[in-house]
Each structure stands twice: as structure tokens, then as C-alpha cells.
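Reproduced below: entry-v8.cif, with mmCIF, C-alpha atoms.
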```
data_model
loop_
_atom_site.label_atom_id
_atom_site.label_comp_id
_atom_site.auth_asym_id
_atom_site.auth_seq_id
_atom_site.Cartn_x
_atom_site.Cartn_y
_atom_site.Cartn_z
CA MET A 1 95.24 96.87 90.07
CA ASN A 2 96.11 97.27 93.77
CA TRP A 3 93.80 96.84 96.74
CA ARG A 4 93.71 99.77 99.16
CA ILE A 5 92.57 99.99 102.74
CA THR A 6 90.18 102.86 103.39
CA LYS A 7 88.57 104.00 106.61
CA VAL A 8 84.90 104.82 107.12
CA VAL A 9 84.73 108.40 108.41
CA ASP A 10 80.99 108.96 108.11
CA VAL A 11 77.81 107.10 107.33
CA ILE A 12 74.83 108.96 105.86
CA ASN A 13 71.39 107.40 105.86
CA GLU A 14 69.92 108.41 102.50
CA THR A 15 66.67 106.41 102.67
CA ALA A 16 65.40 103.51 104.77
CA ARG A 17 67.29 101.09 102.54
CA VAL A 18 70.15 103.18 101.20
CA ARG A 19 73.19 104.63 102.93
CA SER A 20 76.33 106.41 101.85
CA LEU A 21 79.74 105.43 103.16
CA VAL A 22 82.19 108.32 103.35
CA LEU A 23 85.70 106.94 103.08
CA ASP A 24 89.12 108.25 103.86
CA CYS A 25 91.50 107.02 101.17
CA PRO A 26 94.71 109.09 101.41
CA ASP A 27 96.41 107.60 98.33
CA TRP A 28 93.33 107.62 96.09
CA PRO A 29 94.58 108.22 92.51
CA GLY A 30 91.44 110.12 91.45
CA HIS A 31 88.56 109.00 89.28
CA LEU A 32 86.18 110.08 86.56
CA ALA A 33 82.54 110.74 87.36
CA GLY A 34 80.63 107.53 86.64
CA GLN A 35 83.36 105.04 87.53
CA HIS A 36 83.01 102.33 90.16
CA VAL A 37 85.12 100.42 92.66
CA ASP A 38 85.34 96.81 93.74
CA ILE A 39 85.14 96.19 97.45
CA ARG A 40 86.39 93.05 99.19
CA LEU A 41 85.25 91.70 102.53
CA THR A 42 87.32 89.08 104.34
CA ALA A 43 85.92 86.83 107.09
CA ALA A 44 88.03 85.69 110.05
CA ASP A 45 88.70 82.34 108.37
CA GLY A 46 89.87 83.96 105.12
CA TYR A 47 86.63 83.60 103.15
CA GLU A 48 86.26 86.57 100.79
CA ALA A 49 83.44 88.27 98.92
CA GLN A 50 83.76 91.01 96.30
CA ARG A 51 81.17 93.33 94.79
CA SER A 52 81.19 96.48 92.64
CA TYR A 53 79.73 99.83 93.72
CA SER A 54 79.41 103.08 91.82
CA ILE A 55 81.28 106.08 93.15
CA ALA A 56 78.84 108.75 94.39
CA SER A 57 81.38 111.54 94.90
CA ALA A 58 82.85 113.90 92.35
CA PRO A 59 86.57 113.76 91.64
CA GLU A 60 86.79 117.17 93.35
CA ASP A 61 85.17 116.04 96.62
CA ASP A 62 87.22 115.65 99.80
CA HIS A 63 86.28 112.04 100.32
CA LEU A 64 85.42 109.00 98.28
CA VAL A 65 81.74 108.21 98.78
CA LEU A 66 79.94 104.96 97.96
CA THR A 67 76.17 104.71 98.13
CA VAL A 68 74.86 101.25 98.90
CA GLU A 69 71.36 99.83 98.66
CA ARG A 70 70.57 97.06 101.12
CA LEU A 71 69.48 93.95 99.25
CA ASP A 72 67.77 91.70 101.75
CA ASP A 73 69.05 88.48 100.21
CA GLY A 74 72.48 89.93 99.49
CA GLU A 75 75.80 88.83 100.92
CA VAL A 76 77.73 92.08 100.96
CA SER A 77 75.20 94.94 101.11
CA PRO A 78 73.57 93.82 104.42
CA TYR A 79 77.05 93.87 105.97
CA LEU A 80 77.78 97.34 104.61
CA PHE A 81 74.38 98.52 105.81
CA ASP A 82 73.97 96.77 109.18
CA VAL A 83 77.49 96.17 110.49
CA LEU A 84 80.05 98.51 108.96
CA THR A 85 80.35 101.75 110.89
CA VAL A 86 82.53 104.79 111.43
CA GLY A 87 86.11 103.80 112.21
CA ASP A 88 85.97 100.47 110.38
CA GLU A 89 88.33 99.65 107.54
CA LEU A 90 87.05 98.81 104.08
CA GLU A 91 89.22 97.28 101.39
CA LEU A 92 88.65 98.40 97.80
CA ARG A 93 90.31 98.84 94.44
CA GLY A 94 89.61 101.17 91.57
CA PRO A 95 88.63 103.31 89.88
CA ILE A 96 87.18 100.90 87.34
CA GLY A 97 85.45 101.38 84.00
CA GLY A 98 86.30 103.88 81.31
CA PHE A 99 83.03 104.05 79.37
CA PHE A 100 80.11 104.95 81.63
CA VAL A 101 81.80 108.23 82.53
CA TRP A 102 81.26 111.88 81.76
CA THR A 103 83.71 114.72 81.45
CA PRO A 104 82.89 118.16 80.03
CA ALA A 105 85.23 117.40 77.11
CA MET A 106 82.70 114.78 75.97
CA GLY A 107 80.16 117.54 75.43
CA GLY A 108 76.46 117.68 76.06
CA PRO A 109 73.75 118.33 76.81
CA ILE A 110 73.63 115.33 79.11
CA LEU A 111 70.45 113.46 79.83
CA LEU A 112 70.74 111.19 82.87
CA ILE A 113 68.03 108.56 83.31
CA ALA A 114 68.03 106.78 86.65
CA GLY A 115 66.00 103.94 88.06
CA GLY A 116 66.24 103.59 91.85
CA SER A 117 69.84 103.45 93.06
CA GLY A 118 70.93 103.89 89.44
CA VAL A 119 71.11 107.57 90.39
CA VAL A 120 74.43 107.07 92.19
CA PRO A 121 76.88 107.60 89.28
CA PHE A 122 74.75 110.55 88.14
CA ARG A 123 75.28 112.29 91.45
CA ALA A 124 79.02 112.08 90.75
CA MET A 125 78.50 113.50 87.25
CA LEU A 126 76.25 116.35 88.43
CA ARG A 127 78.64 117.27 91.24
CA HIS A 128 81.54 117.19 88.81
CA ARG A 129 79.68 119.42 86.38
CA THR A 130 79.00 121.92 89.16
CA ALA A 131 82.56 121.74 90.48
CA VAL A 132 84.07 122.59 87.09
CA HIS A 133 81.38 125.23 86.35
CA SER A 134 80.33 123.50 83.16
CA THR A 135 77.56 125.33 81.34
CA LEU A 136 76.56 122.29 79.27
CA GLY A 137 72.92 121.42 79.78
CA ALA A 138 72.14 118.65 82.24
CA ARG A 139 68.82 116.99 82.97
CA LEU A 140 68.17 114.15 85.39
CA LEU A 141 65.08 111.99 84.97
CA TYR A 142 64.78 109.89 88.10
CA SER A 143 62.27 107.09 88.54
CA ALA A 144 61.66 106.08 92.16
CA ARG A 145 58.94 104.17 93.93
CA SER A 146 58.05 107.07 96.21
CA MET A 147 59.50 110.35 97.48
CA ALA A 148 60.78 108.45 100.53
CA ASP A 149 62.82 106.26 98.18
CA VAL A 150 64.51 109.19 96.43
CA ILE A 151 68.23 109.15 97.20
CA TYR A 152 69.99 112.55 97.60
CA ARG A 153 66.55 114.20 97.72
CA GLU A 154 67.67 117.47 99.30
CA GLU A 155 70.75 117.81 97.14
CA LEU A 156 68.80 117.17 93.94
CA SER A 157 66.04 119.56 94.97
CA ARG A 158 68.60 122.28 95.68
CA LEU A 159 70.18 121.66 92.29
CA ALA A 160 66.80 122.00 90.60
CA ASP A 161 65.69 125.03 92.66
CA SER A 162 68.89 126.91 91.89
CA GLY A 163 68.42 126.29 88.18
CA VAL A 164 71.82 124.64 87.87
CA ALA A 165 70.32 121.48 86.37
CA ASP A 166 66.87 120.15 85.48
CA VAL A 167 65.63 117.42 87.77
CA VAL A 168 62.45 115.52 86.91
CA PHE A 169 61.07 112.85 89.21
CA THR A 170 58.60 110.19 88.29
CA LEU A 171 57.07 108.23 91.16
CA THR A 172 55.85 104.75 90.34
CA ARG A 173 54.07 103.52 93.47
CA GLU A 174 53.21 106.29 95.91
CA TRP A 175 53.12 110.05 95.66
CA PRO A 176 52.17 112.94 97.94
CA ALA A 177 48.57 114.17 97.75
CA GLU A 178 49.72 117.47 96.23
CA TRP A 179 52.06 115.76 93.74
CA THR A 180 51.75 117.23 90.26
CA GLY A 181 54.70 115.45 88.70
CA TYR A 182 54.85 112.22 86.74
CA ARG A 183 53.43 109.15 88.42
CA ARG A 184 54.30 106.22 86.20
CA ARG A 185 57.15 104.13 84.93
CA ILE A 186 59.34 105.69 82.29
CA ASP A 187 57.90 105.12 78.83
CA MET A 188 58.29 106.59 75.36
CA GLU A 189 55.87 109.49 75.91
CA LEU A 190 57.55 110.48 79.14
CA LEU A 191 60.97 110.34 77.48
CA ARG A 192 59.72 112.40 74.57
CA ALA A 193 58.37 115.03 76.95
CA VAL A 194 61.47 115.20 79.14
CA SER A 195 64.41 114.71 76.81
CA TRP A 196 66.05 116.92 74.27
CA THR A 197 65.11 116.02 70.71
CA PRO A 198 67.29 113.57 68.77
CA ALA A 199 68.34 116.51 66.58
CA GLU A 200 69.82 118.21 69.64
CA ARG A 201 71.98 115.12 70.08
CA PRO A 202 72.02 114.78 73.86
CA LEU A 203 74.56 112.42 75.36
CA VAL A 204 72.33 109.97 77.23
CA TYR A 205 73.22 107.81 80.22
CA VAL A 206 70.83 105.20 81.57
CA CYS A 207 71.47 103.41 84.85
CA GLY A 208 69.26 101.16 86.92
CA PRO A 209 67.86 97.64 87.16
CA SER A 210 68.31 95.63 84.00
CA ALA A 211 64.66 95.66 82.87
CA PHE A 212 64.47 99.43 83.47
CA VAL A 213 67.57 100.06 81.37
CA GLU A 214 66.44 97.73 78.60
CA SER A 215 63.09 99.46 78.33
CA ALA A 216 64.38 103.04 78.54
CA ALA A 217 67.22 102.46 76.08
CA ASN A 218 64.91 100.75 73.57
CA ALA A 219 62.42 103.61 73.85
CA LEU A 220 65.16 106.19 73.25
CA VAL A 221 66.28 104.37 70.10
CA ASP A 222 62.66 104.15 68.94
CA LEU A 223 62.34 107.92 69.48
CA GLY A 224 65.22 108.39 67.06
CA HIS A 225 68.15 108.94 69.40
CA ASP A 226 71.49 107.77 68.03
CA ALA A 227 72.29 104.44 69.73
CA SER A 228 75.96 105.39 69.80
CA ARG A 229 75.13 108.35 72.08
CA ILE A 230 73.32 106.18 74.65
CA ARG A 231 75.44 104.62 77.38
CA THR A 232 73.97 102.06 79.75
CA GLU A 233 74.87 100.52 83.06
CA ARG A 234 72.75 97.79 84.59
CA PHE A 235 72.58 96.02 87.87
CA GLY A 236 70.56 93.20 89.28
CA PRO A 237 69.11 90.06 87.72
CA THR A 238 66.91 89.86 84.67
CA GLY A 239 64.34 87.83 86.49
CA SER A 240 64.50 85.09 83.86
CA MET B 1 97.14 90.00 103.22
CA SER B 2 93.65 91.43 103.47
CA PRO B 3 92.46 92.87 106.78
CA ILE B 4 89.65 90.97 108.47
CA SER B 5 86.32 92.74 107.98
CA ARG B 6 85.01 93.07 111.54
CA GLY B 7 81.89 90.96 111.93
CA PHE B 8 81.77 89.68 108.37
CA VAL B 9 80.74 86.05 107.97
CA GLY B 10 79.39 85.87 104.42
CA LYS B 11 77.17 83.36 102.68
CA ARG B 12 79.25 80.36 101.78
CA PRO B 13 78.40 78.78 98.45
CA SER B 14 77.00 75.28 98.82
CA THR B 15 78.75 74.32 95.59
CA ASP B 16 82.26 72.95 95.19
CA PRO B 17 84.51 75.97 95.82
CA ARG B 18 87.04 74.59 93.35
CA ARG B 19 84.50 75.32 90.63
CA LEU B 20 84.37 79.00 91.51
CA PRO B 21 87.19 81.30 90.31
CA PRO B 22 88.60 83.76 92.88
CA GLY B 23 86.38 86.73 93.75
CA GLN B 24 83.29 85.24 92.08
CA TYR B 25 79.91 84.27 93.54
CA VAL B 26 77.33 81.85 92.18
CA THR B 27 74.06 83.14 90.76
CA THR B 28 71.10 81.27 89.35
CA ASP B 29 69.87 84.38 87.52
CA PHE B 30 71.29 85.41 84.19
CA PRO B 31 72.28 89.05 84.64
CA VAL B 32 72.64 91.30 81.59
CA LEU B 33 75.53 93.68 80.96
CA SER B 34 75.92 95.94 77.98
CA ALA B 35 77.40 99.33 77.28
CA GLY B 36 74.53 100.59 75.14
CA PRO B 37 71.07 99.79 73.81
CA THR B 38 70.31 96.24 72.72
CA PRO B 39 70.53 95.97 68.90
CA HIS B 40 67.56 94.31 67.20
CA SER B 41 68.65 92.99 63.81
CA PRO B 42 66.31 90.98 61.59
CA LEU B 43 67.59 87.52 60.71
CA ALA B 44 67.17 88.27 57.01
CA ALA B 45 69.87 90.95 57.34
CA TRP B 46 72.15 88.88 59.58
CA SER B 47 75.43 87.39 58.38
CA PHE B 48 78.62 86.15 59.94
CA THR B 49 81.96 86.94 58.30
CA ILE B 50 85.52 85.77 58.79
CA ARG B 51 88.04 88.10 57.19
CA GLY B 52 91.61 89.31 57.54
CA ALA B 53 94.46 86.79 57.54
CA VAL B 54 92.46 83.99 55.89
CA ALA B 55 92.68 82.19 52.56
CA GLN B 56 89.46 83.95 51.55
CA THR B 57 86.89 86.12 53.26
CA LYS B 58 83.96 83.89 54.11
CA THR B 59 80.41 85.04 54.85
CA TRP B 60 77.47 82.93 56.00
CA THR B 61 73.85 84.03 55.88
CA TRP B 62 71.61 82.98 58.77
CA SER B 63 70.28 79.99 56.81
CA GLU B 64 73.78 78.94 55.74
CA PHE B 65 75.06 79.34 59.29
CA THR B 66 72.27 77.35 60.88
CA ALA B 67 72.71 74.59 58.28
CA ILE B 68 76.10 73.79 59.82
CA PRO B 69 75.72 70.96 62.37
CA PRO B 70 75.78 72.61 65.81
CA GLU B 71 77.25 71.32 69.04
CA THR B 72 75.65 71.34 72.46
CA ILE B 73 77.86 73.02 75.06
CA LYS B 74 77.31 72.64 78.80
CA THR B 75 79.60 74.97 80.66
CA ASP B 76 80.11 77.30 83.60
CA ILE B 77 80.36 81.01 82.75
CA HIS B 78 82.10 83.77 84.68
CA CYS B 79 81.37 87.50 84.37
CA VAL B 80 83.97 90.08 85.38
CA THR B 81 81.27 91.81 87.47
CA LYS B 82 81.66 88.82 89.87
CA TRP B 83 78.81 86.47 89.06
CA SER B 84 79.34 82.94 87.86
CA LYS B 85 76.61 80.70 86.55
CA PHE B 86 77.06 76.95 86.52
CA ASP B 87 75.91 74.37 83.97
CA THR B 88 74.61 76.70 81.29
CA THR B 89 73.54 74.92 78.10
CA TRP B 90 74.08 76.38 74.64
CA SER B 91 73.88 75.33 71.02
CA GLY B 92 76.40 76.77 68.66
CA VAL B 93 78.79 76.21 65.81
CA SER B 94 82.40 75.56 66.77
CA LEU B 95 84.77 78.28 65.68
CA ASP B 96 87.08 75.47 64.56
CA VAL B 97 84.54 74.55 61.87
CA LEU B 98 84.08 78.14 60.72
CA LEU B 99 87.82 78.89 60.69
CA ALA B 100 88.51 75.72 58.68
CA GLN B 101 86.02 76.85 56.03
CA ALA B 102 87.71 80.25 55.75
CA GLY B 103 91.24 78.82 55.83
CA VAL B 104 93.43 80.43 58.48
CA ASP B 105 96.65 82.02 57.22
CA PRO B 106 99.65 80.80 59.25
CA SER B 107 100.53 84.43 60.02
CA ALA B 108 97.28 84.88 62.02
CA LYS B 109 97.93 85.03 65.75
CA PHE B 110 95.05 87.18 67.08
CA LEU B 111 91.49 88.06 66.25
CA THR B 112 89.01 90.82 66.83
CA ALA B 113 85.34 89.90 67.10
CA TRP B 114 82.93 92.65 66.08
CA SER B 115 79.24 93.05 66.81
CA ASP B 116 76.12 94.96 65.91
CA GLY B 117 76.19 98.17 67.94
CA GLY B 118 79.95 98.63 67.45
CA TYR B 119 81.24 96.35 70.22
CA THR B 120 84.60 94.67 69.70
CA THR B 121 86.76 92.31 71.72
CA ASN B 122 90.18 90.83 71.02
CA LEU B 123 91.45 87.32 71.61
CA PRO B 124 94.58 85.33 70.84
CA LEU B 125 93.79 82.74 68.17
CA GLU B 126 94.94 79.95 70.50
CA ALA B 127 92.19 80.94 72.97
CA VAL B 128 89.43 80.10 70.50
CA THR B 129 90.77 77.02 68.65
CA GLY B 130 90.73 73.37 69.67
CA GLY B 131 87.16 73.21 71.03
CA LYS B 132 87.30 76.37 73.12
CA ALA B 133 84.90 78.74 71.31
CA TRP B 134 81.57 78.74 69.52
CA VAL B 135 79.15 81.07 67.79
CA ALA B 136 76.11 80.28 69.94
CA PHE B 137 72.53 80.88 68.83
CA SER B 138 70.53 79.08 71.48
CA TYR B 139 70.51 79.14 75.26
CA ASP B 140 68.72 76.63 77.48
CA GLY B 141 66.99 75.09 74.48
CA LYS B 142 65.52 78.36 73.20
CA ALA B 143 66.59 80.97 70.65
CA LEU B 144 69.10 83.32 72.26
CA ALA B 145 67.26 86.42 73.54
CA PRO B 146 68.43 89.83 72.24
CA GLU B 147 69.44 91.01 75.75
CA HIS B 148 71.73 88.00 76.01
CA GLY B 149 73.28 88.57 72.59
CA GLY B 150 70.81 87.03 70.17
CA PRO B 151 70.54 86.17 67.41
CA ALA B 152 74.10 84.90 67.98
CA ARG B 153 76.97 85.58 70.32
CA LEU B 154 80.48 84.35 70.72
CA LEU B 155 80.89 81.78 73.51
CA VAL B 156 84.38 81.53 75.01
CA PRO B 157 83.60 80.16 78.47
CA ARG B 158 87.21 79.80 79.64
CA LEU B 159 87.56 83.60 79.72
CA TYR B 160 85.53 86.32 81.45
CA PHE B 161 82.24 86.69 79.66
CA TRP B 162 82.90 90.08 78.04
CA LYS B 163 85.09 88.12 75.61
CA SER B 164 81.96 86.21 74.54
CA ALA B 165 80.83 89.11 72.34
CA LYS B 166 77.06 89.55 72.11
CA TRP B 167 75.40 90.23 68.73
CA VAL B 168 78.57 88.99 67.03
CA ARG B 169 78.70 89.51 63.28
CA GLY B 170 82.18 88.41 62.46
CA ILE B 171 85.82 88.01 63.31
CA GLU B 172 88.92 89.43 61.75
CA LEU B 173 92.13 87.43 61.98
CA LEU B 174 95.18 89.55 62.66
CA ARG B 175 98.94 89.30 62.91
CA GLU B 176 99.04 91.87 65.73
CA ASP B 177 96.85 92.18 68.81
CA VAL B 178 94.38 95.11 68.73
CA PRO B 179 92.64 95.78 72.08
CA GLY B 180 88.84 95.85 71.87
CA PHE B 181 86.12 97.91 73.56
CA TRP B 182 86.50 96.99 77.22
CA GLU B 183 90.18 96.26 76.74
CA VAL B 184 90.79 99.96 76.02
CA ASN B 185 88.42 100.94 78.84
CA GLY B 186 90.44 99.58 81.73
CA TYR B 187 89.80 95.84 81.49
CA ASN B 188 92.38 93.11 81.15
CA ASN B 189 93.62 92.20 77.69
CA TYR B 190 93.30 88.42 78.22
CA GLY B 191 90.73 87.91 80.98
CA ASP B 192 91.44 84.52 82.58
CA PRO B 193 88.99 84.17 85.53
CA TRP B 194 91.20 81.59 87.26
CA LYS B 195 94.03 84.14 87.39
CA GLU B 196 91.54 86.88 88.27
CA GLN B 197 92.65 88.99 85.30
CA ARG B 198 89.83 91.52 85.58
CA TYR B 199 91.53 94.84 84.97
CA GLN B 200 94.62 96.26 83.33
CA GLY B 201 97.65 95.26 85.35
CA ASP B 202 96.00 92.20 86.99
#
```

Translate the structure described by the file into C-alpha cells.
Amino acid sequence: MNWRITKVVDVINETARVRSLVLDCPDWPGHLAGQHVDIRLTAADGYEAQRSYSIASAPEDDHLVLTVERLDDGEVSPYLFDVLTVGDELELRGPIGGFFVWTPAMGGPILLIAGGSGVVPFRAMLRHRTAVHSTLGARLLYSARSMADVIYREELSRLADSGVADVVFTLTREWPAEWTGYRRRIDMELLRAVSWTPAERPLVYVCGPSAFVESAANALVDLGHDASRIRTERFGPTGS
Amino acid sequence: MSPISRGFVGKRPSTDPRRLPPGQYVTTDFPVLSAGPTPHSPLAAWSFTIRGAVAQTKTWTWSEFTAIPPETIKTDIHCVTKWSKFDTTWSGVSLDVLLAQAGVDPSAKFLTAWSDGGYTTNLPLEAVTGGKAWVAFSYDGKALAPEHGGPARLLVPRLYFWKSAKWVRGIELLREDVPGFWEVNGYNNYGDPWKEQRYQGD
């Protein structure tokens, strides 16, 4: 698979630790919502580092967008966050991955369960669903530490307010004084309350830190959801 | 020739760079990757089967399998998602031992490993014979955790780690190559980390 040179045309600060890179990639072959890319950084002496990032844009969007969380002890994300800016080149290849994807032909309803920056591929799926005017049900359950940590907050709120998709937040550390929503980590009761029943056979996607995904996916299976209709994508260490 | 990334220095690994395949970085964690929920199968229901182009289909129960003298394997492992982990220690039964008990038909050239949860991966037979592959049931001196593929996973450390199928329940020997789960989802058919064979066409 070939490497391509893209150009950063915009940088959007999503939260204090998360930014989106809007890239110009004239020969981009297209992608499916949920796929990722590999990026490669090259130092002046030829040293290289590669990492994978989910694509945040829909196939229909004008630009390829990557959303990056700054990991303080990381090698690549601090560069993307602190140094890379509009006008810089960024080398990448993709799209990659043919399983953690959604197209309307796969059916629905779709239940998207995000932990932290695990929301990124879901933004691509929700935008794609809107772009193709799919009427299949879609519900995002998004676990974040606080409202300030919610990525794409305005876009998701608009989506929910317009009734185009259901968006449910659960805040695990801090919440506004007037907050009436969920305020805990995702568990079986919360999943039972938010998700379609197993009999309605939702297509479920879970994305987030490894422990988050493990726990949510296990709870879904325990609730009776068909394991073959649950797709997972994990990032980060296990901590053990 | 890659363009220089303005202002990029990077964290250089303190380890011998010749130990690290291209595009990889060293981690001391043990990240988990899986396409779906972690299966939890009781040992009483577990078995391992070799079928297909063999003299006879052979199935081991958990107690029969763990009665076979295991080997200790100390090896580096390389995941296609870029992390490599050095000096991992496993216990497992050599696939050479299991294949000898089933009796490989000379027509067998490939195999498909299959797992609880429906995962499959394909390998050429030569990639798993001659001390290159094990069915591993312990990691770092402890029973292999379900997230990492327990009760038992394939261990083929010379190839990217998706070939080391978690929750493995058997292998089928084949005359023709049949691409497995990731292999039909954009990943390379062989997966040699030293040739950076990550994706189709690499």
C-alpha cells in the first residue's frame, strides 16, 4: 500500500487535549466510515515513527480529517499536537481495516459505544449516515470524563437536537451542576437502559481504551446480545 | 524517499535497533487487540483439533493437551498495529508435536487456524513447522488471560501477531491457501514483520 503526502489545511482544537487535523489529499482513493490510516514521521537523520489514527471524516466530506489525542508520554501525538501546523506536510497511507466499518448495506439499528477518543470513528459513521440520508436507527453512547472532554460536542448536540440520531452522554468524573444525565462508567444497567434489546438485533460498535472495551463488550454479551453483532476496536495499554 | 517532518525528533529506542522490525516501536505493556468480545469458554468444554489433510482427525481435551510436555519459549513479538514487545515468555506445546500425532498428509501445504468467536487466520505449513509455532497456554509464568487469548492461543512469533490466533481451537490442513479473517479485511496474506508486510500489496 502506497504512502501519500498530504498537506495540513486546518487545525481544529476539539478539547484541551484533542485536535483535528484537516488534510488535503488530492489522490485519496476514498474510505469506509470506521477505517483508519497509518501516519509516518521522518526526522532529519532518517529516523521514522509510525502510528495508526482513525479517520474522523465521512467518505463524502471534502477533506480527510484525523482527530488526535495528545498522550503526554507519546512519541507521535505530541508532535501532531504541539508542532504540526497549517501548511505542513504529513505522510500517510490507507485506508486500512475492513471490519470496524459501517455502511447502510450492513443494516441497523447501530449502537455506537465510545470511551474518550474512541468516538472518532463513530463521527465518521454518523456523518456518513447523514450524508446518505440513511433512516436506520443510530444511537451513540459516549463516556467522557467531563463535558470539557467531549470531542465534537457541538456537532453531536446538533445531531441530537435535530432528532437525526440519539446521543447519550455519561460523565465519569465531573458534571455541570444542572446535569441530569448519567454520571458513571458504563455498566450493564446503563447499557440495558440505553441500548436496543437483543431481540431488536442492533449492530453494536465499541471503541475506546482496552479496559473500557473489554468491560462494555462483556456486559453486552451478558445482556444477551449476539457476540457476532458486536465489533470492537481498542487502543492503549492494558495496564498489566 | 519520505519528506522530513519539520521539527520531528522522536524518541529513539534504547534497545538494539536491529531487533526492531521497520515501522515498529517497543512497548513494555501488553496491548490487546480483538475484533469482537472476548470469548469465555470453560476448560471442561475446551478441545483442540487437527483435521483436513491428515492421516486422521485428532482431538485433544484440555487434560490430554496439558499432559503433553510443553516447551518454554522466550521471544520477541510484533503486532501489526506497530508495537513490539521483547523477551516475552510463554509455555506451549510445539505444533510439530501435535502435527506428528495427527500425521500430516504430504498434500498439505497450508493451514487455517480457527478460534472461539469465529476468528480464523491462514498460514503456509512451512511457517509453523520446524520449531516455529506453538499452542501456548501460559504467559509470564501464569495461565494465559482471556483478553490475551486464553485458555490457549497460537504462537507464531516470526509473523505479525494476528497470525498467533487467540482462543485457538484447532487447525485444518489444506492443499490450497484460504485467506482468514484479517487477510480478507485488507491485511497481508503472509505478514512478515521484517519485510513490513502489513497490508495487502505490501

Exercise for the section: Would you list the residues near (87.3, 94.3, 96.7), meaning any protein, DNA or RNA residue with an atom at most 8 Å from that point in file coordinates, counting all atoms listed in the file, as a list in words? Expected result: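 Answer for this query, in the requested form: Trp3, Val37, Asp38, Ile39, Arg40, Leu41, Ala49, Gln50, Arg51, Ser52, Glu91, Leu92 and Arg93 of chain A.
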
Practice task
May I have the residues within 10 Å of segment 223-227 of chain A as JSON, numbers by chain, using all atoms listed in the file and disregarding those fewer than 5 positions away in the same chain?
Solution key: {"A": [188, 189, 191, 192, 196, 197, 198, 199, 200, 201, 202, 203, 204, 217, 218], "B": [36, 37, 38, 39, 117, 118]}

Problem - Point (93.0, 86.6, 67.8) neighbourhood (8 Å, all atoms listed in the file) written as a PyMOL selection string - result: chain B and resi 108-112+122-128+172-174+177

Okay, now the selection with C-alpha atoms, as a tab-separated table (two decimals), in the coordinates of the input?
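Now in again-v1.tsv:
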```tsv
chain	number	residue	atom	x	y	z
B	108	ALA	CA	97.28	84.88	62.02
B	109	LYS	CA	97.93	85.03	65.75
B	110	PHE	CA	95.05	87.18	67.08
B	111	LEU	CA	91.49	88.06	66.25
B	112	THR	CA	89.01	90.82	66.83
B	122	ASN	CA	90.18	90.83	71.02
B	123	LEU	CA	91.45	87.32	71.61
B	124	PRO	CA	94.58	85.33	70.84
B	125	LEU	CA	93.79	82.74	68.17
B	126	GLU	CA	94.94	79.95	70.50
B	127	ALA	CA	92.19	80.94	72.97
B	128	VAL	CA	89.43	80.10	70.50
B	172	GLU	CA	88.92	89.43	61.75
B	173	LEU	CA	92.13	87.43	61.98
B	174	LEU	CA	95.18	89.55	62.66
B	177	ASP	CA	96.85	92.18	68.81
```

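Minimum distance to Arg231 of chain A across B:Arg6, B:Ala35, B:Ala152, B:Tyr25 (counting only C-alpha atoms) occurs at B:Ala35.
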
Counting only C-alpha atoms, which residues in chain A sit no more than 8 Å from chain B? For each one, give the nearest pair of atoms and the distance in Å, sorted by chain then residue number, as CSV.
```
residue,atom,partner,partner_atom,distance
A:Met1,CA,B:Gly201,CA,5.5
A:Leu41,CA,B:Ser5,CA,5.7
A:Thr42,CA,B:Ile4,CA,5.1
A:Ala43,CA,B:Phe8,CA,5.2
A:Ala44,CA,B:Ile4,CA,5.7
A:Gly46,CA,B:Ile4,CA,7.8
A:Tyr47,CA,B:Gly10,CA,7.7
A:Glu48,CA,B:Gly23,CA,7.0
A:Ala49,CA,B:Gly23,CA,6.1
A:Gln50,CA,B:Gly23,CA,5.6
A:Arg51,CA,B:Lys82,CA,6.7
A:Ser52,CA,B:Thr81,CA,7.0
A:Glu75,CA,B:Gly10,CA,5.8
A:Val76,CA,B:Gly10,CA,7.3
A:Tyr79,CA,B:Phe8,CA,6.8
A:Val83,CA,B:Gly7,CA,7.0
A:Leu84,CA,B:Arg6,CA,7.8
A:Asp88,CA,B:Arg6,CA,7.6
A:Glu89,CA,B:Ser5,CA,7.2
A:Leu90,CA,B:Ser5,CA,7.3
A:Glu91,CA,B:Ser2,CA,7.6
A:Ile96,CA,B:Gly186,CA,6.6
A:Gly97,CA,B:Gly186,CA,5.8
A:Gly98,CA,B:Asn185,CA,4.4
A:Phe99,CA,B:Asn185,CA,6.2
A:Phe100,CA,B:Ala35,CA,7.6
A:Ser210,CA,B:Val32,CA,6.6
A:Glu214,CA,B:Pro37,CA,7.0
A:Ala217,CA,B:Pro37,CA,5.2
A:Asn218,CA,B:Pro37,CA,6.2
A:Val221,CA,B:Pro37,CA,7.6
A:Ala227,CA,B:Pro37,CA,6.3
A:Ser228,CA,B:Gly36,CA,7.3
A:Ile230,CA,B:Gly36,CA,5.7
A:Arg231,CA,B:Gly36,CA,4.7
A:Thr232,CA,B:Gly36,CA,4.9
A:Glu233,CA,B:Ala35,CA,6.4
A:Arg234,CA,B:Leu33,CA,6.1
A:Phe235,CA,B:Pro31,CA,7.7
A:Gly236,CA,B:Pro31,CA,6.5
A:Pro237,CA,B:Pro31,CA,4.5
A:Thr238,CA,B:Pro31,CA,5.4
A:Gly239,CA,B:Asp29,CA,6.6
A:Ser240,CA,B:Asp29,CA,6.5
```
